[in-house]
file coords-v4.csv (CSV, C-alpha atoms and all ligand atoms)
chain,number,residue,atom,x,y,z
H,9,MET,CA,-48.6,-70.3,52.3
H,10,SER,CA,-48.0,-66.9,53.7
H,11,ALA,CA,-49.6,-65.4,56.8
H,12,LEU,CA,-53.3,-66.1,57.5
H,13,ALA,CA,-55.6,-64.0,55.4
H,14,HIS,CA,-57.6,-61.3,57.2
H,15,LEU,CA,-61.3,-62.0,57.2
H,16,HIS,CA,-63.9,-59.3,56.7
H,17,ARG,CA,-67.6,-59.9,57.3
H,18,PRO,CA,-69.5,-57.0,55.7
H,19,ALA,CA,-73.3,-56.8,56.3
H,20,THR,CA,-74.1,-55.1,53.0
H,21,ILE,CA,-73.3,-55.5,49.3
H,22,GLU,CA,-72.0,-51.9,49.2
H,23,GLU,CA,-69.5,-52.6,51.9
H,24,ALA,CA,-68.4,-55.8,50.3
H,25,VAL,CA,-67.8,-54.0,47.0
H,26,ARG,CA,-65.9,-51.3,48.8
H,27,LEU,CA,-63.6,-53.9,50.4
H,28,LEU,CA,-63.2,-55.7,47.1
H,29,ALA,CA,-62.3,-52.5,45.2
H,30,ALA,CA,-59.5,-51.9,47.7
H,31,GLY,CA,-57.6,-54.9,46.3
H,32,ASP,CA,-56.2,-55.8,42.9
H,33,GLY,CA,-58.2,-59.0,42.3
H,34,GLU,CA,-55.5,-61.3,43.7
H,35,ARG,CA,-54.9,-59.8,47.1
H,36,VAL,CA,-58.6,-59.5,48.1
H,37,ARG,CA,-61.0,-62.4,47.4
H,38,LEU,CA,-64.7,-62.8,48.0
H,39,LEU,CA,-65.5,-65.9,50.0
H,40,ALA,CA,-68.8,-67.5,49.4
H,41,GLY,CA,-69.2,-71.2,50.4
H,42,GLY,CA,-65.4,-71.8,50.2
H,43,ALA,CA,-66.0,-75.0,48.2
H,44,THR,CA,-63.6,-74.1,45.5
H,45,LEU,CA,-61.7,-71.1,47.1
H,46,VAL,CA,-60.6,-72.9,50.2
H,47,ALA,CA,-59.5,-75.9,48.2
H,48,MET,CA,-57.4,-73.6,46.0
H,49,MET,CA,-55.9,-71.9,49.1
H,50,ASN,CA,-55.0,-75.3,50.6
H,51,ALA,CA,-53.3,-76.3,47.3
H,52,GLU,CA,-51.5,-73.0,47.4
H,53,LEU,CA,-52.9,-72.0,44.0
H,54,VAL,CA,-54.1,-68.7,45.4
H,55,ASP,CA,-52.8,-66.8,48.5
H,56,PRO,CA,-55.1,-63.9,49.2
H,57,ALA,CA,-54.1,-61.4,52.0
H,58,GLU,CA,-57.8,-60.5,52.7
H,59,LEU,CA,-61.0,-62.5,52.4
H,60,VAL,CA,-64.4,-60.8,52.2
H,61,SER,CA,-66.9,-63.3,53.5
H,62,LEU,CA,-70.4,-62.8,52.0
H,63,ALA,CA,-72.1,-64.9,54.7
H,64,ALA,CA,-73.5,-62.0,56.7
H,65,ILE,CA,-75.2,-60.2,53.8
H,66,ALA,CA,-78.9,-60.9,54.1
H,67,GLU,CA,-79.7,-59.6,50.6
H,68,LEU,CA,-77.6,-62.3,49.0
H,69,ARG,CA,-79.5,-65.2,50.6
H,70,GLY,CA,-82.4,-67.2,49.4
H,71,ILE,CA,-84.9,-67.3,46.5
H,72,ARG,CA,-87.7,-64.8,46.3
H,73,ALA,CA,-90.5,-63.9,43.9
H,74,LEU,CA,-90.2,-60.6,42.0
H,75,ALA,CA,-93.2,-58.3,41.4
H,76,ASP,CA,-93.6,-59.6,37.8
H,77,GLY,CA,-93.7,-63.2,39.0
H,78,GLY,CA,-90.0,-63.8,38.1
H,79,LEU,CA,-87.5,-65.3,40.6
H,80,ARG,CA,-84.4,-63.7,42.2
H,81,ILE,CA,-81.9,-66.3,43.4
H,82,GLY,CA,-79.4,-64.6,45.7
H,83,ALA,CA,-75.7,-65.2,45.0
H,84,MET,CA,-75.3,-67.0,48.4
H,85,THR,CA,-78.1,-69.5,47.7
H,86,ARG,CA,-76.7,-73.0,48.2
H,87,HIS,CA,-77.0,-75.6,45.5
H,88,ARG,CA,-79.1,-77.7,48.0
H,89,GLU,CA,-81.7,-74.9,48.3
H,90,THR,CA,-81.9,-74.4,44.5
H,91,ALA,CA,-82.2,-78.1,44.0
H,92,ALA,CA,-85.2,-78.2,46.4
H,93,GLU,CA,-87.0,-75.0,45.1
H,94,ALA,CA,-90.5,-76.0,44.0
H,95,ARG,CA,-91.0,-72.6,42.2
H,96,LEU,CA,-88.4,-73.7,39.7
H,97,ALA,CA,-91.0,-75.6,37.7
H,98,GLY,CA,-92.0,-76.0,34.0
H,99,ALA,CA,-89.5,-74.4,31.7
H,100,ALA,CA,-87.5,-73.2,34.7
H,101,ALA,CA,-87.0,-76.7,36.1
H,102,VAL,CA,-83.8,-76.9,34.1
H,103,LEU,CA,-82.1,-74.9,36.9
H,104,ARG,CA,-83.4,-77.1,39.7
H,105,GLU,CA,-82.3,-80.2,37.9
H,106,ALA,CA,-78.8,-78.8,37.2
H,107,ALA,CA,-78.4,-77.9,40.9
H,108,ALA,CA,-79.4,-81.4,41.9
H,109,ARG,CA,-76.7,-82.9,39.7
H,110,ILE,CA,-73.8,-80.9,41.2
H,111,ALA,CA,-71.2,-83.1,42.9
H,112,ASN,CA,-72.6,-84.6,46.1
H,113,PRO,CA,-74.5,-83.5,49.2
H,114,VAL,CA,-71.4,-82.1,50.9
H,115,VAL,CA,-70.6,-79.8,48.0
H,116,ARG,CA,-74.3,-78.9,47.5
H,117,ASN,CA,-74.5,-77.8,51.1
H,118,MET,CA,-71.4,-75.6,50.8
H,119,GLY,CA,-71.4,-74.3,47.2
H,120,THR,CA,-73.3,-71.2,46.1
H,121,ILE,CA,-74.8,-70.1,42.8
H,122,GLY,CA,-72.8,-66.9,42.8
H,123,GLY,CA,-69.5,-68.6,43.6
H,124,SER,CA,-70.1,-71.2,40.9
H,125,ILE,CA,-70.9,-68.8,38.1
H,126,ALA,CA,-68.2,-66.3,39.1
H,127,PHE,CA,-65.7,-69.2,38.9
H,128,ALA,CA,-67.1,-70.2,35.5
H,129,ASP,CA,-65.7,-73.7,35.3
H,130,PRO,CA,-66.6,-74.8,31.7
H,131,ALA,CA,-67.6,-78.2,33.1
H,132,ALA,CA,-69.9,-76.7,35.8
H,133,ASP,CA,-73.6,-77.4,35.8
H,134,TYR,CA,-75.2,-74.0,36.3
H,135,PRO,CA,-73.8,-72.2,33.2
H,136,PRO,CA,-75.6,-74.2,30.5
H,137,ALA,CA,-78.7,-74.3,32.6
H,138,LEU,CA,-78.8,-70.5,33.0
H,139,VAL,CA,-78.1,-70.0,29.3
H,140,ALA,CA,-80.9,-72.4,28.3
H,141,ALA,CA,-83.3,-70.6,30.7
H,142,ASP,CA,-82.2,-67.2,29.3
H,143,ALA,CA,-81.5,-66.0,32.8
H,144,ALA,CA,-79.8,-62.7,33.7
H,145,VAL,CA,-77.0,-62.1,36.2
H,146,GLU,CA,-77.2,-59.2,38.5
H,147,ILE,CA,-73.8,-57.6,39.2
H,148,ALA,CA,-72.7,-54.9,41.8
H,149,GLY,CA,-69.7,-52.7,41.5
H,150,ARG,CA,-68.6,-49.3,42.7
H,151,ARG,CA,-70.8,-47.6,40.1
H,152,GLY,CA,-74.0,-49.5,41.2
H,153,ARG,CA,-75.9,-52.5,39.8
H,154,ARG,CA,-76.2,-53.8,36.3
H,155,GLN,CA,-77.7,-56.9,34.7
H,156,VAL,CA,-76.0,-59.1,32.0
H,157,PRO,CA,-77.8,-61.9,30.1
H,158,ALA,CA,-76.4,-65.3,31.1
H,159,ARG,CA,-75.7,-65.7,27.4
H,160,GLU,CA,-73.2,-62.8,27.6
H,161,PHE,CA,-71.9,-63.4,31.1
H,162,PHE,CA,-69.7,-66.5,30.4
H,163,VAL,CA,-67.0,-65.2,28.0
H,164,ASP,CA,-64.1,-67.7,28.0
H,165,TRP,CA,-62.4,-70.5,30.0
H,166,PHE,CA,-62.9,-69.4,33.6
H,167,ALA,CA,-63.7,-65.9,32.5
H,168,THR,CA,-66.9,-63.9,32.9
H,169,ALA,CA,-68.2,-60.4,32.2
H,170,LEU,CA,-67.4,-59.4,35.7
H,171,ALA,CA,-65.0,-56.3,35.7
H,172,PRO,CA,-62.4,-55.9,38.4
H,173,GLY,CA,-64.0,-54.9,41.6
H,174,GLU,CA,-67.4,-56.3,40.7
H,175,MET,CA,-69.4,-59.2,42.3
H,176,VAL,CA,-72.4,-61.4,41.4
H,177,THR,CA,-75.4,-60.5,43.6
H,178,ALA,CA,-78.2,-62.6,42.1
H,179,VAL,CA,-79.5,-64.6,39.2
H,180,LEU,CA,-82.8,-63.4,37.7
H,181,LEU,CA,-85.3,-65.6,36.0
H,182,ALA,CA,-88.5,-64.6,34.0
H,183,PRO,CA,-91.7,-65.9,35.5
H,184,PRO,CA,-91.6,-69.7,35.2
H,185,ALA,CA,-93.7,-70.7,32.2
H,186,PRO,CA,-95.6,-73.9,31.7
H,187,GLY,CA,-93.3,-76.3,29.8
H,188,ARG,CA,-90.4,-78.6,30.5
H,189,GLY,CA,-86.9,-77.9,31.7
H,190,SER,CA,-84.3,-80.7,31.8
H,191,TYR,CA,-80.7,-81.2,32.5
H,192,ASP,CA,-78.8,-84.2,31.4
H,193,LYS,CA,-75.2,-84.7,32.5
H,194,LEU,CA,-72.8,-87.4,31.2
H,195,CYS,CA,-70.0,-88.1,33.7
H,196,ARG,CA,-67.6,-90.9,34.5
H,197,VAL,CA,-69.0,-91.6,38.0
H,198,SER,CA,-71.9,-90.1,39.9
H,199,GLY,CA,-70.9,-86.7,41.3
H,200,ASP,CA,-68.1,-86.0,38.9
H,201,PHE,CA,-67.9,-82.9,36.7
H,202,ALA,CA,-69.5,-83.3,33.3
H,203,ILE,CA,-67.9,-84.8,30.3
H,204,ALA,CA,-70.8,-83.1,28.5
H,205,SER,CA,-74.1,-81.8,29.6
H,206,VAL,CA,-77.3,-80.7,27.8
H,207,ALA,CA,-79.7,-78.1,29.3
H,208,LEU,CA,-83.1,-77.7,27.7
H,209,SER,CA,-85.8,-75.2,28.5
H,210,VAL,CA,-89.1,-75.3,26.6
H,211,ALA,CA,-92.0,-73.1,27.3
H,212,TRP,CA,-95.3,-74.0,25.7
H,213,ARG,CA,-98.9,-72.7,25.5
H,214,ASP,CA,-102.0,-74.4,24.0
H,215,GLY,CA,-99.9,-77.3,22.7
H,216,ALA,CA,-97.4,-75.1,20.8
H,217,CYS,CA,-93.8,-74.2,21.6
H,218,GLU,CA,-93.4,-70.6,22.6
H,219,ARG,CA,-89.7,-70.5,23.5
H,220,VAL,CA,-86.9,-73.1,23.3
H,221,GLY,CA,-83.5,-72.7,24.9
H,222,LEU,CA,-80.8,-75.3,24.4
H,223,ALA,CA,-77.3,-75.2,25.7
H,224,VAL,CA,-74.4,-77.7,26.0
H,225,GLY,CA,-71.9,-77.7,28.8
H,226,GLY,CA,-68.4,-79.2,29.1
H,227,CYS,CA,-67.7,-78.9,25.4
H,228,GLY,CA,-65.9,-75.5,25.0
H,229,PRO,CA,-64.8,-72.5,26.9
H,230,ARG,CA,-68.3,-71.3,27.6
H,231,PRO,CA,-71.8,-72.8,27.4
H,232,LEU,CA,-72.5,-73.7,23.8
H,233,HIS,CA,-75.6,-72.0,22.5
H,234,LEU,CA,-76.9,-71.3,19.0
H,235,ASP,CA,-80.0,-69.2,18.3
H,236,GLU,CA,-80.3,-71.2,15.1
H,237,ALA,CA,-80.7,-74.5,17.0
H,238,ASP,CA,-83.3,-72.9,19.3
H,239,ALA,CA,-85.3,-71.6,16.3
H,240,LEU,CA,-85.1,-74.9,14.5
H,241,LEU,CA,-86.5,-76.8,17.5
H,242,ARG,CA,-89.3,-74.2,18.0
H,243,SER,CA,-90.4,-74.1,14.3
H,244,GLY,CA,-89.9,-77.9,14.0
H,245,ARG,CA,-92.1,-78.4,17.1
H,246,LEU,CA,-89.4,-80.5,18.8
H,247,GLY,CA,-89.6,-83.0,16.0
H,248,GLU,CA,-87.0,-85.7,15.3
H,249,ALA,CA,-85.6,-84.0,12.2
H,250,ALA,CA,-85.2,-80.7,14.0
H,251,ALA,CA,-83.6,-82.4,17.0
H,252,ARG,CA,-81.1,-84.2,14.8
H,253,ARG,CA,-80.2,-81.0,12.9
H,254,ALA,CA,-79.9,-79.0,16.2
H,255,GLY,CA,-77.5,-81.7,17.6
H,256,GLU,CA,-75.4,-81.7,14.4
H,257,LEU,CA,-75.1,-77.9,14.5
H,258,LEU,CA,-74.1,-77.8,18.1
H,259,ALA,CA,-71.5,-80.6,17.7
H,260,ALA,CA,-70.0,-78.8,14.7
H,261,ALA,CA,-69.8,-75.6,16.7
H,262,ALA,CA,-68.3,-77.3,19.8
H,263,ASP,CA,-64.7,-76.6,20.8
H,264,PRO,CA,-64.1,-79.4,23.3
H,265,LEU,CA,-60.9,-80.1,25.2
H,266,GLU,CA,-59.2,-83.5,25.5
H,267,ASP,CA,-58.7,-84.1,29.2
H,268,VAL,CA,-58.7,-86.9,31.8
H,269,ARG,CA,-62.5,-87.3,31.4
H,270,ALA,CA,-62.8,-87.8,27.7
H,271,SER,CA,-61.3,-87.1,24.3
H,272,ALA,CA,-62.5,-84.1,22.2
H,273,ALA,CA,-63.8,-86.5,19.6
H,274,TYR,CA,-65.9,-88.4,22.1
H,275,ARG,CA,-67.4,-85.2,23.4
H,276,ARG,CA,-68.4,-84.1,19.9
H,277,ARG,CA,-69.9,-87.5,19.3
H,278,VAL,CA,-72.2,-87.6,22.3
H,279,ILE,CA,-73.6,-84.1,21.9
H,280,PRO,CA,-76.1,-85.0,19.1
H,281,ARG,CA,-77.2,-88.1,21.0
H,282,MET,CA,-77.8,-86.2,24.2
H,283,VAL,CA,-79.6,-83.4,22.4
H,284,GLU,CA,-81.9,-85.9,20.6
H,285,ARG,CA,-82.7,-87.6,23.9
H,286,ALA,CA,-83.5,-84.4,25.7
H,287,VAL,CA,-85.7,-83.2,22.9
H,288,ALA,CA,-87.5,-86.5,22.6
H,289,GLN,CA,-88.4,-86.4,26.3
H,290,ALA,CA,-89.7,-82.9,25.9
H,291,ARG,CA,-91.7,-83.8,22.8
H,292,ALA,CA,-93.3,-86.8,24.7
H,293,GLN,CA,-94.3,-84.5,27.5
H,294,LEU,CA,-95.7,-81.9,25.1
H,295,GLU,CA,-97.7,-84.5,23.3
H,296,ALA,CA,-99.0,-86.0,26.5
H,297,ASN,CA,-100.3,-82.5,27.5
H,298,ARG,CA,-102.2,-81.9,24.3
H,301,LIG,C1,-65.2,-81.8,45.3
H,301,LIG,C2,-65.9,-80.8,44.5
H,301,LIG,C3,-66.7,-81.3,43.4
H,301,LIG,C4,-67.4,-80.4,42.6
H,301,LIG,N1,-68.2,-80.8,41.6
H,301,LIG,C5,-69.0,-80.0,40.9
H,301,LIG,C6,-69.9,-80.4,39.9
H,301,LIG,O1,-70.0,-81.6,39.6
H,301,LIG,N2,-70.6,-79.5,39.2
H,301,LIG,C7,-70.4,-78.1,39.4
H,301,LIG,O2,-71.1,-77.3,38.8
H,301,LIG,N3,-69.6,-77.7,40.4
H,301,LIG,C8,-68.9,-78.6,41.1
H,301,LIG,N4,-68.1,-78.1,42.1
H,301,LIG,C9,-67.9,-76.6,42.3
H,301,LIG,C10,-69.0,-76.1,43.3
H,301,LIG,O3,-70.2,-76.1,42.6
H,301,LIG,C11,-68.8,-74.7,43.9
H,301,LIG,O4,-70.0,-74.3,44.3
H,301,LIG,C12,-68.3,-73.7,43.1
H,301,LIG,O5,-67.1,-74.0,42.5
H,301,LIG,C13,-68.1,-72.4,43.9
H,301,LIG,O6,-67.9,-72.6,45.2
H,301,LIG,P1,-68.5,-71.6,46.3
H,301,LIG,O7,-69.8,-71.1,45.9
H,301,LIG,O8,-68.3,-72.1,47.6
H,301,LIG,O9,-67.5,-70.3,46.1
H,301,LIG,P2,-66.1,-70.0,46.7
H,301,LIG,O10,-65.3,-71.3,46.7
H,301,LIG,O11,-66.2,-69.3,48.0
H,301,LIG,O12,-65.5,-69.0,45.6
H,301,LIG,C14,-65.2,-69.4,44.3
H,301,LIG,C15,-64.6,-68.2,43.5
H,301,LIG,O13,-65.7,-67.3,43.2
H,301,LIG,C16,-65.4,-66.1,43.8
H,301,LIG,N5,-66.8,-65.6,44.3
H,301,LIG,C17,-67.5,-66.3,45.2
H,301,LIG,N6,-68.7,-65.6,45.3
H,301,LIG,C18,-68.7,-64.6,44.4
H,301,LIG,C19,-69.6,-63.6,44.1
H,301,LIG,N7,-70.9,-63.5,44.6
H,301,LIG,N8,-69.3,-62.7,43.1
H,301,LIG,C20,-68.1,-62.8,42.5
H,301,LIG,N9,-67.1,-63.7,42.8
H,301,LIG,C21,-67.5,-64.6,43.8
H,301,LIG,C22,-64.4,-66.3,44.9
H,301,LIG,O14,-63.7,-65.1,45.2
H,301,LIG,C23,-63.6,-67.4,44.3
H,301,LIG,O15,-62.7,-66.9,43.4
H,301,LIG,C24,-67.3,-79.0,42.9
H,301,LIG,C25,-66.5,-78.5,43.9
H,301,LIG,C26,-65.8,-79.4,44.7
H,301,LIG,C27,-65.0,-78.9,45.9
call {"tool": "encode", "arguments": {"input": "coords-v4.csv", "output": "structure tokens"}}
result
Amino acid sequence: MSALAHLHRPATIEEAVRLLAAGDGERVRLLAGGATLVAMMNAELVDPAELVSLAAIAELRGIRALADGGLRIGAMTRHRETAAEARLAGAAAVLREAAARIANPVVRNMGTIGGSIAFADPAADYPPALVAADAAVEIAGRRGRRQVPAREFFVDWFATALAPGEMVTAVLLAPPAPGRGSYDKLCRVSGDFAIASVALSVAWRDGACERVGLAVGGCGPRPLHLDEADALLRSGRLGEAAARRAGELLAAAADPLEDVRASAAYRRRVIPRMVERAVAQARAQLEANR
């Protein structure tokens, strides 16, 4: 490892962006919780000359309600806080459940939602949950702020819609709707990254499905999501046949890797079973509410 990196502690997003833009993406790095970045520096996988700590930027911290009733989750919000957020209820509970399944208490105390989604590990828990919830990602750069739907934010293995010099500032959610949000994660041991995961967000009104978002994690370069599967589940009122077909479609569209956790064939095989289970649980809750 070369000389110790110089640490900046900007107090505003604008200052952080200015510092970031002065580098080439490798030389200057944003530092959130350090859960991943410090481990990578220790392993000498990255060797930044300058670190821009986001810890002193108040605007990046915490979860707050927006004027329309939606929620804004600041990029520096720890997984522990998101896992404990009572306003992430109904269809939005998918995000709270995903946060609660990340690693272990130590990592949940350190890791942040902004760092997690910017890193975009295909086995991470937030990406499929954000896609299922149809969240948006707020991004800041030298030219100001912009919003990108989560469904367009994750573009490839460890690659996002962030342009050089841009940073994640928040995750934005529509007003939490009555319904059910669930996150199921299959892993070798508790706290491990997912072999496969299924995020489901169903909003309902008067006993009918209004919106369904289904996404699979760990089975390709980015969260796996098909409009067709969502539409099938909605029109099929979360029925068994619709769940089976949605699971088959997603398994056929998956592009899983073979790695230390599981073979690609195993991952394809578990997707329909996990989808059917998640949908059956949502159906049972919907029927109980009628
Ligand atoms: C032992 C261990 C187990 C884990 N298990 C899981 C798991 O089961 N599931 C899971 O989902 N995750 C898991 N993680 C990852 C964890 O969720 C981290 O939160 C996540 O990788 C990012 O860490 P961080 O927020 O501390 O960001 P950092 O480590 O500080 O940064 C990570 C990267 O993102 C960049 N970055 C940080 N913030 C921003 C921002 N706002 N905008 C743009 N770029 C930014 C940094 O420059 C760096 O490149 C695990 C991590 C560890 C160490």
call {"tool": "closest_residue", "arguments": {"input": "coords-v4.csv", "among": "H:Gln289, H:Thr44, H:Ser198, H:Ser243", "to": "ligand LIG 301 (chain H)", "atoms": "all atoms listed in the file"}}
result
H:Thr44
call {"tool": "closest_residue", "arguments": {"input": "coords-v4.csv", "among": "H:Ala216, H:Ala288, H:Val54, H:Ile121", "to": "Leu103 in chain H", "atoms": "all atoms listed in the file"}}
result
H:Ile121
call {"tool": "closest_residue", "arguments": {"input": "coords-v4.csv", "among": "H:Arg17, H:Arg104, H:Arg109, H:Arg95", "to": "Leu62 in chain H", "atoms": "all atoms listed in the file"}}
result
H:Arg17
call {"tool": "closest_residue", "arguments": {"input": "coords-v4.csv", "among": "H:Ala111, H:Met175, H:Leu138, H:Ala132", "to": "Glu22 in chain H", "atoms": "only C-alpha atoms"}}
result
H:Met175
call {"tool": "residues_near_ligand", "arguments": {"input": "coords-v4.csv", "ligand": "ligand LIG 301 (chain H)", "cutoff": "6 Å", "atoms": "all atoms listed in the file", "output": "JSON, numbers by chain"}}
result
{"H": [37, 38, 39, 40, 41, 42, 43, 44, 45, 83, 110, 111, 115, 118, 119, 120, 121, 122, 123, 124, 126, 127, 132, 133, 134, 175, 176, 177, 199, 200, 201]}
